[in-house]
Structures are given as C-alpha cells and as structure tokens.
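What follows is the content of my_file-v8.txt (compact mmCIF, C-alpha atoms).
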# COMPACT_ATOMS: atom_id res chain seq x y z
CA MET A 1 154.93 -112.76 116.15
CA GLY A 2 153.08 -111.04 113.31
CA SER A 3 150.87 -108.00 113.43
CA ALA A 4 147.23 -108.24 114.47
CA VAL A 5 146.39 -106.18 111.38
CA ALA A 6 147.28 -107.58 107.96
CA VAL A 7 147.99 -105.23 105.06
CA VAL A 8 146.96 -106.11 101.52
CA THR A 9 147.75 -104.13 98.38
CA ASP A 10 147.79 -104.83 94.65
CA SER A 11 150.44 -105.43 92.02
CA THR A 12 150.41 -101.85 90.74
CA ALA A 13 152.30 -100.74 93.87
CA TYR A 14 155.46 -101.91 92.03
CA LEU A 15 157.54 -102.31 95.15
CA PRO A 16 161.15 -103.42 94.62
CA ALA A 17 161.82 -107.14 94.84
CA GLY A 18 161.68 -108.48 98.37
CA LEU A 19 160.37 -105.26 99.94
CA ALA A 20 156.75 -106.42 100.14
CA GLU A 21 157.78 -109.69 101.76
CA ARG A 22 160.02 -107.98 104.32
CA HIS A 23 157.12 -105.75 105.37
CA GLY A 24 154.55 -108.54 105.47
CA LEU A 25 152.46 -107.20 102.60
CA THR A 26 150.10 -109.42 100.62
CA ILE A 27 149.95 -108.55 96.92
CA VAL A 28 146.86 -109.27 94.81
CA PRO A 29 147.66 -109.13 91.08
CA LEU A 30 145.73 -107.30 88.40
CA GLN A 31 145.34 -109.00 85.03
CA ILE A 32 146.73 -108.15 81.62
CA ALA A 33 145.79 -109.50 78.19
CA VAL A 34 148.37 -109.57 75.39
CA GLY A 35 147.39 -111.09 72.08
CA GLY A 36 144.15 -112.45 73.55
CA ALA A 37 145.78 -114.40 76.40
CA THR A 38 145.00 -113.11 79.90
CA ARG A 39 147.52 -113.60 82.70
CA ASP A 40 148.25 -112.20 86.14
CA GLU A 41 150.58 -109.26 86.28
CA GLY A 42 153.82 -110.88 87.32
CA ASP A 43 153.28 -113.84 85.01
CA ILE A 44 154.10 -111.71 81.99
CA SER A 45 157.34 -109.76 81.72
CA THR A 46 157.36 -106.03 81.33
CA ALA A 47 159.69 -106.48 78.36
CA GLU A 48 157.12 -108.68 76.62
CA ALA A 49 154.39 -106.13 77.19
CA ALA A 50 156.64 -103.25 76.13
CA GLN A 51 157.50 -105.03 72.90
CA ALA A 52 153.82 -105.58 72.16
CA LEU A 53 153.17 -101.91 72.77
CA LYS A 54 156.03 -100.87 70.50
CA GLU A 55 154.46 -102.99 67.76
CA TRP A 56 151.02 -101.50 68.59
CA HIS A 57 149.50 -104.90 69.41
CA PRO A 58 146.38 -104.80 71.61
CA VAL A 59 147.27 -104.82 75.31
CA THR A 60 144.43 -104.52 77.83
CA THR A 61 144.17 -104.67 81.61
CA SER A 62 141.51 -105.63 84.14
CA ARG A 63 140.91 -105.60 87.87
CA PRO A 64 141.25 -108.73 90.02
CA ALA A 65 138.07 -110.70 90.55
CA PRO A 66 136.57 -110.25 94.04
CA GLU A 67 137.36 -113.92 94.67
CA ARG A 68 141.08 -113.12 94.53
CA PHE A 69 140.64 -110.65 97.37
CA ALA A 70 138.41 -113.07 99.26
CA ASP A 71 141.20 -115.67 99.11
CA ALA A 72 143.75 -113.13 100.37
CA TYR A 73 141.49 -112.07 103.25
CA ARG A 74 140.80 -115.68 104.28
CA SER A 75 144.50 -116.48 104.20
CA ALA A 76 145.31 -113.47 106.40
CA ALA A 77 142.60 -114.44 108.89
CA ASP A 78 143.83 -118.05 108.94
CA SER A 79 147.31 -116.70 109.76
CA GLY A 80 145.97 -114.91 112.82
CA ALA A 81 145.04 -111.45 111.60
CA ARG A 82 142.18 -109.92 113.54
CA GLY A 83 141.71 -107.12 111.05
CA ILE A 84 142.79 -106.28 107.50
CA VAL A 85 143.58 -103.01 105.73
CA SER A 86 143.42 -103.33 101.94
CA ILE A 87 145.05 -100.43 100.03
CA HIS A 88 144.67 -100.06 96.27
CA LEU A 89 145.16 -97.94 93.19
CA SER A 90 142.84 -95.05 92.52
CA ALA A 91 139.20 -95.99 92.09
CA ALA A 92 139.04 -93.35 89.35
CA MET A 93 141.48 -95.45 87.30
CA SER A 94 140.36 -99.01 88.07
CA GLY A 95 137.61 -101.13 89.56
CA THR A 96 140.11 -102.76 91.92
CA VAL A 97 138.82 -100.89 94.99
CA GLU A 98 135.28 -101.97 94.14
CA ALA A 99 136.36 -105.62 93.88
CA ALA A 100 138.13 -105.36 97.24
CA ARG A 101 135.02 -103.89 98.87
CA LEU A 102 132.82 -106.62 97.47
CA ALA A 103 135.12 -109.25 98.97
CA ALA A 104 135.35 -107.35 102.26
CA ASP A 105 131.62 -107.77 102.84
CA ASP A 106 132.02 -111.52 103.39
CA ALA A 107 135.50 -111.63 104.90
CA PRO A 108 135.97 -113.60 108.14
CA VAL A 109 137.50 -110.55 109.90
CA PRO A 110 136.82 -106.81 109.48
CA VAL A 111 138.39 -105.32 106.35
CA THR A 112 139.02 -101.61 105.80
CA VAL A 113 139.47 -100.77 102.12
CA VAL A 114 141.53 -97.66 101.31
CA ASP A 115 141.37 -95.90 97.95
CA SER A 116 144.89 -94.45 97.72
CA GLY A 117 143.92 -92.07 94.94
CA THR A 118 147.17 -92.89 93.18
CA ILE A 119 149.14 -95.70 91.55
CA GLY A 120 152.68 -97.05 91.23
CA MET A 121 155.15 -96.25 93.99
CA GLY A 122 152.71 -93.64 95.30
CA LEU A 123 150.56 -96.60 96.26
CA GLY A 124 153.67 -98.54 97.29
CA PHE A 125 154.81 -95.92 99.80
CA ALA A 126 151.29 -95.74 101.26
CA ALA A 127 151.29 -99.52 101.71
CA LEU A 128 154.72 -99.41 103.37
CA SER A 129 153.52 -96.77 105.83
CA ALA A 130 150.51 -98.93 106.61
CA ALA A 131 152.76 -101.95 107.17
CA ALA A 132 154.96 -99.95 109.54
CA ALA A 133 151.92 -98.83 111.54
CA ALA A 134 150.68 -102.42 111.70
CA MET A 135 154.03 -103.75 112.88
CA SER A 136 154.05 -101.06 115.58
CA GLY A 137 150.80 -102.45 116.96
CA GLY A 138 148.43 -99.96 115.38
CA THR A 139 144.72 -100.59 115.15
CA ALA A 140 143.08 -101.08 111.76
CA GLY A 141 141.94 -97.47 111.88
CA GLN A 142 145.47 -96.24 112.59
CA VAL A 143 146.92 -98.43 109.86
CA ALA A 144 144.36 -97.17 107.32
CA ASP A 145 144.99 -93.58 108.41
CA ALA A 146 148.75 -94.00 107.90
CA ALA A 147 148.14 -95.18 104.34
CA SER A 148 145.71 -92.36 103.56
CA ARG A 149 147.96 -89.65 105.01
CA ARG A 150 151.05 -90.89 103.14
CA ALA A 151 149.14 -91.09 99.88
CA ALA A 152 147.76 -87.57 100.34
CA LEU A 153 151.27 -86.18 100.92
CA THR A 154 152.80 -87.97 97.94
CA ARG A 155 153.24 -86.45 94.52
CA SER A 156 153.67 -88.42 91.30
CA LEU A 157 155.31 -86.74 88.30
CA ILE A 158 155.20 -88.53 84.95
CA TYR A 159 156.83 -88.06 81.55
CA VAL A 160 155.52 -90.01 78.55
CA ASP A 161 156.93 -90.13 75.04
CA THR A 162 153.43 -90.13 73.58
CA LEU A 163 149.84 -89.80 74.81
CA GLU A 164 148.65 -92.38 72.30
CA HIS A 165 148.77 -95.33 74.72
CA LEU A 166 146.75 -93.40 77.30
CA ARG A 167 144.24 -92.48 74.63
CA ARG A 168 143.88 -96.07 73.46
CA GLY A 169 143.46 -97.28 77.03
CA GLY A 170 140.79 -94.70 77.85
CA ARG A 171 142.87 -93.29 80.72
CA ILE A 172 143.73 -89.94 79.24
CA GLY A 173 141.12 -87.98 81.22
CA ALA A 174 141.98 -84.31 81.65
CA ALA A 175 145.09 -84.74 79.53
CA ALA A 176 142.88 -85.09 76.45
CA GLY A 177 143.39 -81.38 75.80
CA LEU A 178 147.02 -82.11 74.93
CA LEU A 179 146.15 -84.51 72.12
CA GLY A 180 145.82 -81.87 69.44
CA SER A 181 149.45 -80.92 69.86
CA ALA A 182 150.71 -84.32 70.99
CA LEU A 183 153.18 -84.57 68.12
CA MET A 184 154.54 -81.13 68.93
CA VAL A 185 155.16 -81.56 72.66
CA LYS A 186 156.53 -83.93 75.29
CA PRO A 187 153.90 -83.92 78.04
CA LEU A 188 154.48 -83.96 81.78
CA LEU A 189 151.59 -85.32 83.84
CA ASP A 190 150.73 -85.71 87.49
CA ILE A 191 147.93 -87.35 89.44
CA ARG A 192 145.14 -85.12 90.73
CA ASP A 193 141.83 -86.20 92.20
CA GLY A 194 142.82 -89.78 91.46
CA ARG A 195 143.32 -89.21 87.73
CA LEU A 196 146.14 -88.44 85.36
CA ALA A 197 146.17 -84.73 84.59
CA PRO A 198 148.29 -82.49 82.38
CA LEU A 199 151.00 -80.60 84.20
CA GLU A 200 153.21 -78.95 81.59
CA LYS A 201 153.93 -79.09 77.87
CA VAL A 202 157.61 -79.12 76.92
CA ARG A 203 159.00 -79.00 73.38
CA THR A 204 161.71 -81.67 73.57
CA SER A 205 162.32 -84.83 75.53
CA SER A 206 165.58 -83.51 76.97
CA ARG A 207 163.87 -80.41 78.29
CA ALA A 208 160.97 -82.46 79.62
CA LEU A 209 163.32 -84.74 81.56
CA ALA A 210 165.23 -81.78 82.95
CA ARG A 211 161.94 -80.25 84.04
CA LEU A 212 160.86 -83.54 85.62
CA GLU A 213 164.03 -83.47 87.71
CA GLU A 214 163.46 -79.84 88.74
CA LEU A 215 159.89 -80.53 89.79
CA ALA A 216 160.98 -83.52 91.86
CA VAL A 217 163.66 -81.49 93.66
CA ALA A 218 161.19 -78.69 94.32
CA GLY A 219 158.62 -81.21 95.55
CA ALA A 220 161.07 -82.61 98.09
CA GLY A 221 161.49 -79.09 99.44
CA GLY A 222 164.16 -79.92 102.01
CA HIS A 223 161.89 -82.37 103.85
CA ARG A 224 162.63 -85.98 104.79
CA VAL A 225 161.30 -87.89 101.81
CA ASP A 226 161.44 -91.19 100.01
CA LEU A 227 161.78 -91.12 96.24
CA GLY A 228 160.70 -93.63 93.62
CA VAL A 229 162.04 -93.40 90.07
CA GLN A 230 159.98 -95.53 87.72
CA HIS A 231 160.30 -96.24 84.03
CA LEU A 232 159.20 -98.46 81.17
CA ALA A 233 161.97 -99.67 78.85
CA ALA A 234 164.16 -96.72 79.90
CA ALA A 235 166.46 -98.19 82.56
CA ALA A 236 169.58 -96.14 81.77
CA ARG A 237 167.61 -92.90 81.81
CA ALA A 238 166.00 -93.85 85.13
CA GLU A 239 169.31 -94.73 86.78
CA SER A 240 170.84 -91.48 85.60
CA LEU A 241 167.91 -89.47 86.97
CA ALA A 242 168.06 -91.33 90.29
CA ALA A 243 171.78 -90.59 90.63
CA ARG A 244 171.17 -86.88 90.10
CA LEU A 245 168.30 -86.86 92.58
CA ARG A 246 170.46 -88.55 95.23
CA GLU A 247 172.88 -85.64 94.89
CA ARG A 248 170.27 -82.91 94.78
CA VAL A 249 167.92 -84.26 97.47
CA PRO A 250 170.26 -85.09 100.38
CA ASP A 251 167.30 -85.54 102.73
CA ALA A 252 165.98 -88.49 100.71
CA GLU A 253 166.18 -91.56 102.95
CA TYR A 254 165.40 -94.09 100.22
CA VAL A 255 165.62 -93.73 96.46
CA TYR A 256 164.06 -96.74 94.76
CA VAL A 257 164.50 -97.34 91.04
CA GLY A 258 162.31 -99.80 89.22
CA GLU A 259 160.42 -100.63 86.07
CA VAL A 260 156.65 -100.38 86.15
CA GLY A 261 154.76 -103.55 85.40
CA PRO A 262 152.70 -104.20 82.31
CA VAL A 263 149.42 -102.96 83.80
CA ILE A 264 150.68 -99.38 84.01
CA GLY A 265 152.97 -99.97 81.04
CA ALA A 266 149.99 -100.74 78.82
CA HIS A 267 148.71 -97.20 79.40
CA VAL A 268 151.88 -95.09 79.49
CA GLY A 269 153.94 -96.84 76.82
CA PRO A 270 157.70 -97.42 76.43
CA GLY A 271 159.93 -94.48 77.34
CA MET A 272 157.83 -93.43 80.32
CA LEU A 273 159.78 -91.98 83.23
CA GLY A 274 158.25 -90.98 86.54
CA VAL A 275 159.29 -89.69 89.94
CA VAL A 276 157.30 -90.24 93.13
CA VAL A 277 158.07 -87.83 95.96
CA ALA A 278 156.76 -89.20 99.27
CA PRO A 279 157.31 -87.07 102.41
CA GLN A 280 157.75 -89.24 105.47
CA LEU A 281 155.06 -89.25 108.15
Could you write out this structure as structure tokens?
Amino acid sequence: MGSAVAVVTDSTAYLPAGLAERHGLTIVPLQIAVGGATRDEGDISTAEAAQALKEWHPVTTSRPAPERFADAYRSAADSGARGIVSIHLSAAMSGTVEAARLAADDAPVPVTVVDSGTIGMGLGFAALSAAAAAMSGGTAGQVADAASRRAALTRSLIYVDTLEHLRRGGRIGAAAGLLGSALMVKPLLDIRDGRLAPLEKVRTSSRALARLEELAVAGAGGHRVDLGVQHLAAAARAESLAARLRERVPDAEYVYVGEVGPVIGAHVGPGMLGVVVAPQL
C-alpha cells in the first residue's frame, strides 16, 4: 500500500538511476533547448549538451509549464494520494516553484510546494527525506518539514573550470565579482540564500580540487551524512574524489556519484565538479 502523501520533485534533483522509483518519487522534467530544438531534460543526453557547450553553441533552459505539474498532481490523486508535497529547485534560480504553485491552486487534493533553496543532489536528498517521511505515514506538513530541514542542513560545494557559462546563462549572481580575474583563478562556489555565491579563489585546478575535498571533509564534521559527488564530463575525476571521500568520511552512509543533467550543465559547463554534504535527520 502506498503513502497517503505523494512526493513530487523535478529533474534537477539528479538522483541516481532507479532511486526515485524505489522511493516513489514523481519527477517533472525541466526543458532544455540546444540548437533551437526544445526537449525535456532526460530526452537529451548530457554528453550532447556538454559537446554543444564545448563548441559554445547556444544552450538555454526553461521551467516546466504549470500543466506538467497539473498532470503529475492529477495522476498522484488518481493513484490514491490524499495530499501532495512538491519539492523543487531554488526559486531564486528558476521559475519552477512558481509553476508548481500555479498548478497547485487547481489540484484535486491539497498540494504543499517547497522551495528547497538549492539544486542538484541537495534537492535530491531533500526529496528522499520527504519520501521517507511519507512512507512512514507522515502528514503533508511533516513530509514538507522533512524536506525543508534536510535542505537547510545540506551544503553544496562547486568547482567550475570557467565562469563564462554562468555569465552567459545569467546565473552568476554574487559570483560576478570574480569575473575580472576569471582567467587567473579557478573558482569555488557554494549556494547561499538560494543563489550561487563565490566561496574561494584558487590559482590552479589541482589546488581547487584539493580544497573542494578539504571543505567537504570539514563539512561532514564527524556527523552521519550522505554525500553526492556530481560532475559534468569529468567522470574519472568524480570517481577519484568519491573514493577519497569514502576513506576520509567514514560516517558517510551513502556516497552517490553521478553526472548532472543538461539543465545544470548548461550553466556550469564541462569540467564542473561538486560535492553535496547532507547531514542525516
């Protein structure tokens, strides 16, 4: 028997294959346009998007239409859900939360929309905590609270080879101050107040990646955590980092490694490497 509360998230959670299905999560895809053709994220490969970015072809992204959320909410209600919690990437980065709220107004059952304030596996871990609360019989309020608390505890650390993709996508925000020296540094970013923000400037990529590892270990702080190592067109580097983190963070219950999809990829560019540190509730 399924949960009375259904949990919906979006494709930028980038959960490993099969994990969303095992936890009963419904995924609503964002859209991406490459070369003028718009498709759902998931219908275009990350490799295809990464190649377009390497060649500096236009790659743009957009939120799902409210109708996509309306369909997901109707389907959940038809399957027996008496309430829905819909958890999405930061409203400061995308209009996805707004689209979900528009659809929630006319949904056949009550819908609670949660702005996670983050993206990627930070969102993914929040959605997994919500799913666990739902499967334990939690109310919609308890399920939404589990997502919000996990997201608030989680830290996302990001290395990018260049800020140019963020600049072109209009997502550079507080990191704009790094642009003047962008050719001189390898920037480390994190997510604060729902936006990408500069964390540190490091002179070389090797030093930046070493610092990324140190920050992740410090962020775990001896607590029970889950870790997500994410990359774009940098699989070997991601696997190597994950192996070192497994050794250095013995209290990590899960260490997921995966490639971000083209929606995030369009903004961070090939070579991106990130670590999500998610303390357990």
- Task: For Val114 of chain A, work out the shell of residues within 12 Å, counting only C-alpha atoms and skipping chain neighbours fewer than 5 positions away, then give it as a PyMOL selection string.
- Result: chain A and resi 7-10+84-91+96-98+100-101+104+123+126-127+130+140-141+143-152
Would you pick out the contacts of Val202 of chain A at 8 Å or less, using all atoms listed in the file, so that residues sharing its chain but fewer than 5 positions from it are not included, and give the list as an mmCIF file with C-alpha atoms, in the frame of the given file?
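The resulting file, around.cif, is shown below:
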data_model
loop_
_atom_site.group_PDB
_atom_site.id
_atom_site.type_symbol
_atom_site.label_atom_id
_atom_site.label_comp_id
_atom_site.auth_asym_id
_atom_site.auth_seq_id
_atom_site.Cartn_x
_atom_site.Cartn_y
_atom_site.Cartn_z
ATOM 1 C CA VAL A 185 155.160 -81.560 72.660
ATOM 2 C CA LYS A 186 156.530 -83.930 75.290
ATOM 3 C CA PRO A 187 153.900 -83.920 78.040
ATOM 4 C CA LEU A 188 154.480 -83.960 81.780
ATOM 5 C CA ARG A 207 163.870 -80.410 78.290
ATOM 6 C CA ALA A 208 160.970 -82.460 79.620
#
- Counting all atoms listed in the file, the option among A:Val225, A:Leu153, A:Ala37, A:Leu30 closest to Arg68 of chain A: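 The shortest atom-to-atom distance to Arg68 of chain A comes from A:Leu30.
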- Query: Between A:Gly36, A:Ala70, A:Arg248, A:Pro108, which has the minimum distance to His57 of chain A (counting all atoms listed in the file)?
  - Reply: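 For His57 of chain A, the nearest of the candidates is A:Gly36.
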- So which one's closest to His267 of chain A, A:Gly18, A:Gly24, A:Pro58, A:Pro198? Using only C-alpha atoms, please.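 Looking only at the distances to His267 of chain A, the closest residue turns out to be A:Pro58.
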